[in-house]
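Enquirer: Just so it is clear, I am handing over structure.csv, which has CSV, C-alpha atoms.
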chain,number,residue,atom,x,y,z
A,1,MET,CA,-23.2,17.5,5.7
A,2,VAL,CA,-19.7,18.2,6.6
A,3,THR,CA,-18.7,14.6,6.3
A,4,ALA,CA,-19.9,14.3,2.7
A,5,ALA,CA,-18.1,17.5,1.8
A,6,THR,CA,-14.6,16.1,2.4
A,7,SER,CA,-15.1,12.5,1.1
A,8,LEU,CA,-13.6,11.7,-2.2
A,9,GLY,CA,-16.7,10.2,-3.8
A,10,ARG,CA,-19.3,12.5,-2.1
A,11,SER,CA,-21.4,9.4,-1.3
A,12,GLY,CA,-20.9,6.2,0.6
A,13,LEU,CA,-21.6,4.0,-2.4
A,14,HIS,CA,-19.2,6.0,-4.6
A,15,ASP,CA,-16.5,5.7,-2.0
A,16,TRP,CA,-17.2,2.0,-1.6
A,17,LEU,CA,-16.6,1.5,-5.4
A,18,ILE,CA,-13.5,3.7,-5.4
A,19,GLN,CA,-12.1,1.6,-2.5
A,20,ARG,CA,-12.7,-1.7,-4.3
A,21,LEU,CA,-11.6,-0.6,-7.7
A,22,SER,CA,-8.3,0.9,-6.3
A,23,ALA,CA,-7.8,-2.2,-4.3
A,24,VAL,CA,-8.0,-4.5,-7.4
A,25,VAL,CA,-5.7,-2.2,-9.3
A,26,MET,CA,-3.1,-2.3,-6.5
A,27,LEU,CA,-3.5,-6.0,-6.1
A,28,ALA,CA,-2.8,-6.6,-9.8
A,29,TYR,CA,0.2,-4.3,-9.6
A,30,VAL,CA,1.7,-6.0,-6.5
A,31,LEU,CA,1.4,-9.4,-8.3
A,32,TYR,CA,3.0,-7.9,-11.5
A,33,LEU,CA,5.9,-6.4,-9.6
A,34,LEU,CA,6.4,-9.5,-7.5
A,35,ALA,CA,6.4,-11.7,-10.7
A,36,TYR,CA,9.0,-9.4,-12.2
A,37,LEU,CA,11.2,-9.4,-9.1
A,38,VAL,CA,11.0,-13.2,-8.6
A,39,GLY,CA,11.9,-13.6,-12.3
A,40,ALA,CA,14.9,-11.3,-11.9
A,41,TYR,CA,15.9,-13.1,-8.7
A,42,MET,CA,16.0,-16.5,-10.5
A,43,VAL,CA,18.5,-15.0,-13.0
A,44,GLN,CA,20.5,-13.0,-10.4
A,45,PRO,CA,19.8,-13.0,-6.6
A,46,GLU,CA,21.4,-9.5,-6.1
A,47,LEU,CA,19.0,-6.8,-7.3
A,48,SER,CA,20.8,-4.4,-9.5
A,49,PHE,CA,19.9,-0.8,-10.4
A,50,GLY,CA,19.4,-1.8,-14.0
A,51,VAL,CA,16.9,-4.5,-13.2
A,52,TRP,CA,15.0,-2.3,-10.7
A,53,GLN,CA,15.0,0.8,-12.8
A,54,GLY,CA,14.1,-1.3,-15.9
A,55,PHE,CA,10.8,-2.2,-14.4
A,56,PHE,CA,9.7,1.4,-14.1
A,57,ALA,CA,11.3,2.5,-17.3
A,58,ARG,CA,9.4,0.2,-19.7
A,59,PRO,CA,6.0,1.5,-20.9
A,60,LEU,CA,3.9,-1.1,-19.1
A,61,GLY,CA,5.8,-0.6,-15.8
A,62,LYS,CA,5.7,3.1,-16.0
A,63,ILE,CA,2.0,3.4,-16.9
A,64,SER,CA,1.0,0.8,-14.3
A,65,SER,CA,3.1,2.6,-11.7
A,66,LEU,CA,1.5,5.9,-12.4
A,67,LEU,CA,-1.9,4.2,-12.3
A,68,VAL,CA,-1.1,2.7,-8.9
A,69,ILE,CA,0.0,6.0,-7.4
A,70,VAL,CA,-3.5,7.3,-8.3
A,71,ALA,CA,-5.0,4.2,-6.8
A,72,VAL,CA,-2.9,4.4,-3.6
A,73,VAL,CA,-3.8,8.1,-3.1
A,74,ALA,CA,-7.6,7.5,-3.7
A,75,HIS,CA,-7.5,4.4,-1.5
A,76,ALA,CA,-5.8,6.4,1.3
A,77,TRP,CA,-8.2,9.3,1.0
A,78,VAL,CA,-11.3,7.0,1.4
A,79,GLY,CA,-9.6,4.8,4.0
A,80,ILE,CA,-8.2,7.5,6.3
A,81,TRP,CA,-11.4,9.6,5.8
A,82,THR,CA,-13.4,6.7,7.2
A,83,VAL,CA,-11.0,6.2,10.1
A,84,LEU,CA,-11.2,10.0,10.9
A,85,THR,CA,-15.0,10.0,10.6
A,86,ASP,CA,-15.2,7.0,13.0
A,87,TYR,CA,-12.8,8.2,15.7
A,88,VAL,CA,-12.6,12.0,15.6
A,89,LYS,CA,-16.0,13.2,16.9
A,90,PRO,CA,-15.5,17.0,17.3
A,91,VAL,CA,-16.6,18.3,13.9
A,92,ALA,CA,-14.0,21.2,13.7
A,93,VAL,CA,-11.1,19.0,14.5
A,94,ARG,CA,-12.3,16.4,12.0
A,95,LEU,CA,-12.8,18.9,9.3
A,96,VAL,CA,-9.3,20.3,9.7
A,97,LEU,CA,-7.8,16.8,9.7
A,98,GLN,CA,-9.8,15.8,6.6
A,99,CYS,CA,-8.7,18.9,4.8
A,100,LEU,CA,-5.1,18.1,5.7
A,101,LEU,CA,-5.7,14.6,4.4
A,102,ILE,CA,-6.9,16.0,1.0
A,103,VAL,CA,-3.9,18.3,0.7
A,104,GLY,CA,-1.5,15.5,1.7
A,105,CYS,CA,-3.0,13.1,-0.8
A,106,PHE,CA,-2.6,15.6,-3.7
A,107,GLY,CA,1.0,16.2,-2.5
A,108,LEU,CA,1.8,12.5,-2.5
A,109,LEU,CA,0.2,12.2,-5.9
A,110,PHE,CA,2.3,14.9,-7.5
A,111,TRP,CA,5.5,13.6,-5.7
A,112,GLY,CA,4.8,10.1,-7.1
A,113,PHE,CA,4.3,11.5,-10.6
A,114,ILE,CA,7.6,13.5,-10.4
A,115,ILE,CA,9.5,10.4,-9.3
A,116,LEU,CA,8.0,8.2,-12.0
A,117,TRP,CA,7.6,10.5,-15.0
A,118,GLY,CA,11.2,10.9,-16.0
A,119,VAL,CA,12.4,7.3,-15.3
B,1,MET,CA,-12.6,-12.5,13.6
B,2,ALA,CA,-12.5,-8.9,14.8
B,3,ILE,CA,-8.7,-9.1,15.2
B,4,THR,CA,-8.1,-9.2,11.5
B,5,SER,CA,-10.5,-6.4,10.9
B,6,ILE,CA,-8.9,-4.0,13.4
B,7,LEU,CA,-5.4,-5.1,12.2
B,8,HIS,CA,-6.5,-4.2,8.6
B,9,ARG,CA,-7.4,-0.8,9.8
B,10,ILE,CA,-4.2,-0.3,11.8
B,11,SER,CA,-2.0,-1.6,9.0
B,12,GLY,CA,-3.8,0.9,6.7
B,13,ILE,CA,-3.0,3.8,9.0
B,14,VAL,CA,0.6,2.7,9.3
B,15,LEU,CA,0.9,2.5,5.5
B,16,PHE,CA,-0.5,5.9,5.0
B,17,LEU,CA,1.9,7.4,7.6
B,18,GLY,CA,4.7,5.3,5.9
B,19,LEU,CA,3.9,6.5,2.4
B,20,PRO,CA,6.4,9.5,2.5
B,21,ALA,CA,9.1,7.1,3.5
B,22,LEU,CA,8.2,4.6,0.8
B,23,LEU,CA,8.1,7.4,-1.8
B,24,TYR,CA,11.4,8.7,-0.6
B,25,MET,CA,13.0,5.3,-1.0
B,26,LEU,CA,11.4,4.9,-4.5
B,27,GLN,CA,12.8,8.3,-5.4
B,28,GLN,CA,16.3,7.5,-4.2
B,29,SER,CA,16.2,4.0,-5.8
B,30,LEU,CA,15.3,5.4,-9.2
B,31,ALA,CA,17.2,8.8,-9.3
B,32,SER,CA,20.6,7.4,-10.3
B,33,GLU,CA,22.8,4.3,-9.9
B,34,ALA,CA,24.7,6.2,-7.2
B,35,SER,CA,21.6,7.1,-5.1
B,36,PHE,CA,20.4,3.5,-5.6
B,37,ALA,CA,23.7,2.2,-4.1
B,38,GLU,CA,23.5,4.8,-1.3
B,39,LEU,CA,20.0,3.7,-0.4
B,40,LYS,CA,21.1,0.1,-0.4
B,41,ASP,CA,23.9,0.9,2.1
B,42,CYS,CA,21.4,2.8,4.3
B,43,LEU,CA,19.0,-0.2,4.3
B,44,ALA,CA,21.9,-2.5,5.3
B,45,ALA,CA,21.7,-1.1,8.9
B,46,ALA,CA,19.8,-3.4,11.3
B,47,TRP,CA,17.3,-0.7,12.4
B,48,ALA,CA,16.5,0.2,8.8
B,49,LYS,CA,16.0,-3.4,7.9
B,50,VAL,CA,13.6,-3.9,10.8
B,51,ALA,CA,11.7,-0.7,9.8
B,52,LEU,CA,11.4,-1.8,6.2
B,53,TRP,CA,10.4,-5.3,7.2
B,54,LEU,CA,7.6,-3.8,9.4
B,55,LEU,CA,6.4,-1.6,6.5
B,56,LEU,CA,6.5,-4.4,4.0
B,57,SER,CA,4.8,-6.7,6.5
B,58,ALA,CA,2.0,-4.1,6.9
B,59,VAL,CA,1.7,-4.1,3.1
B,60,ALA,CA,1.4,-7.9,3.1
B,61,PHE,CA,-1.2,-7.9,5.9
B,62,HIS,CA,-3.2,-5.2,4.3
B,63,VAL,CA,-3.2,-6.9,0.9
B,64,ILE,CA,-4.1,-10.4,2.3
B,65,ALA,CA,-6.8,-9.1,4.6
B,66,GLY,CA,-8.1,-6.9,1.8
B,67,VAL,CA,-8.5,-9.9,-0.5
B,68,ARG,CA,-10.6,-11.5,2.2
B,69,HIS,CA,-12.8,-8.4,2.2
B,70,LEU,CA,-13.1,-8.5,-1.6
B,71,ILE,CA,-14.1,-12.2,-1.4
B,72,MET,CA,-16.7,-11.3,1.3
B,73,ASP,CA,-18.0,-8.5,-1.0
B,74,LEU,CA,-18.7,-11.2,-3.6
B,75,GLY,CA,-21.0,-12.9,-1.0
B,76,HIS,CA,-18.7,-15.6,0.3
B,77,LEU,CA,-17.5,-16.5,3.8
B,78,GLU,CA,-20.3,-14.6,5.4
B,79,SER,CA,-21.3,-17.4,7.8
B,80,LYS,CA,-19.8,-17.3,11.3
B,81,GLU,CA,-17.9,-20.5,10.7
B,82,GLY,CA,-16.7,-19.4,7.3
B,83,GLY,CA,-15.6,-16.0,8.7
B,84,HIS,CA,-13.6,-17.7,11.4
B,85,GLN,CA,-11.9,-20.0,8.9
B,86,ALA,CA,-11.1,-17.2,6.5
B,87,ALA,CA,-9.6,-15.1,9.4
B,88,SER,CA,-7.4,-18.0,10.4
B,89,ILE,CA,-6.3,-18.4,6.8
B,90,VAL,CA,-5.5,-14.7,6.6
B,91,LEU,CA,-3.3,-14.9,9.7
B,92,VAL,CA,-1.5,-18.0,8.4
B,93,LEU,CA,-0.8,-16.5,5.0
B,94,PHE,CA,0.4,-13.3,6.6
B,95,ALA,CA,2.8,-15.3,8.9
B,96,ILE,CA,4.2,-17.0,5.8
B,97,ALA,CA,4.5,-13.7,3.9
B,98,ALA,CA,6.2,-12.0,6.9
B,99,VAL,CA,8.8,-14.8,7.2
B,100,LEU,CA,9.5,-14.8,3.4
B,101,LEU,CA,10.0,-11.0,3.6
B,102,GLY,CA,12.4,-11.5,6.5
B,103,VAL,CA,14.3,-14.2,4.6
B,104,PHE,CA,14.5,-11.9,1.6
B,105,LEU,CA,15.7,-8.9,3.6
B,106,TRP,CA,18.3,-10.7,5.7
Could you write out this structure as structure tokens?
Expert:
Amino acid sequence: MVTAATSLGRSGLHDWLIQRLSAVVMLAYVLYLLAYLVGAYMVQPELSFGVWQGFFARPLGKISSLLVIVAVVAHAWVGIWTVLTDYVKPVAVRLVLQCLLIVGCFGLLFWGFIILWGV
Amino acid sequence: MAITSILHRISGIVLFLGLPALLYMLQQSLASEASFAELKDCLAAAWAKVALWLLLSAVAFHVIAGVRHLIMDLGHLESKEGGHQAASIVLVLFAIAAVLLGVFLW
């Protein structure tokens, strides 16, 4: 089936798990980043470059940010794939869009890595 | 309610389309102190604030509605009444989050 050929997990159950796992990873990250920013806000309301960059520079911040880029891209792949499968019925158009989605997701993944790696 | 379900989908599409903008801002904010300051100046413009507020609100909605989905996956809130209540809670929490984001940005 064409639909299964472009999905990230190759099966609905696999996709289902990827979507939940990536969601939990992102949720934990959002809470972690929010806690950091609120903590910084208590000390000094104006967000400085040092405080902002400091989050991404420390090992835990950097590793979790890289992890979350992977989670975002996987989540987007599964989510947008589902939306395209639901609404774009002509198979040829859908295949092209889903291939573009895959290329786009890898592009965003590498861009995210480039941004975060050297911080 | 169906409204939170379709909004979850729409906010997800918006976020995917907004990803390049979010990554670009992340890049500029981390590249150097100068680019950080430059980005801050750009985001001081009213239209930029509104755009960023919309994007961050979409994040907030997607996260809150997503948590509802995760709770439902665990087998809760599946009755009609519970589902209605949960959807109302999602909308209320989202309204609070959107206001807080607005306060933070302005």
Enquirer: Could you check the closest approach to Val90 in chain B for each of B:Phe16, B:Ser35, B:Ser57, B:Arg68 and tell me which residue wins, using only C-alpha atoms?
Expert: B:Arg68
Enquirer: For Cys42 in chain B, which residue out of B:Leu30, B:Met25, B:Ala95, B:Leu15 is the nearest one, using all atoms listed in the file?
Expert: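 Checking each candidate against Cys42 in chain B, we get B:Met25 as the closest.
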Enquirer: Restricting the calculation to all atoms listed in the file, which member of A:Val51, A:Ile18, A:Ala76, A:Leu95 is positioned closest to chain B?
Expert: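 When distances to chain B are compared using all atoms listed in the file, the smallest one comes from A:Ala76.
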Enquirer: Which one of A:Arg94, A:Arg58, A:Arg20, A:His75 sits closest to His69 in chain B if you count only C-alpha atoms?
Expert: A:Arg20
Enquirer: Excluding Leu109 in chain A and its own-chain neighbours fewer than 4 positions away, which residues fall within 12 Å of it when counting only C-alpha atoms? Please give them as a list of chain:residue names.
Expert: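 The contact residues come out as A:Ser65, A:Leu66, A:Leu67, A:Val68, A:Ile69, A:Val70, A:Ala71, A:Val72, A:Val73, A:Ala74, A:His75, A:Ala76, A:Trp77, A:Ile102, A:Val103, A:Gly104, A:Cys105, A:Phe113, A:Ile114, A:Ile115, A:Leu116, A:Trp117, B:Leu19, B:Pro20, B:Leu23.
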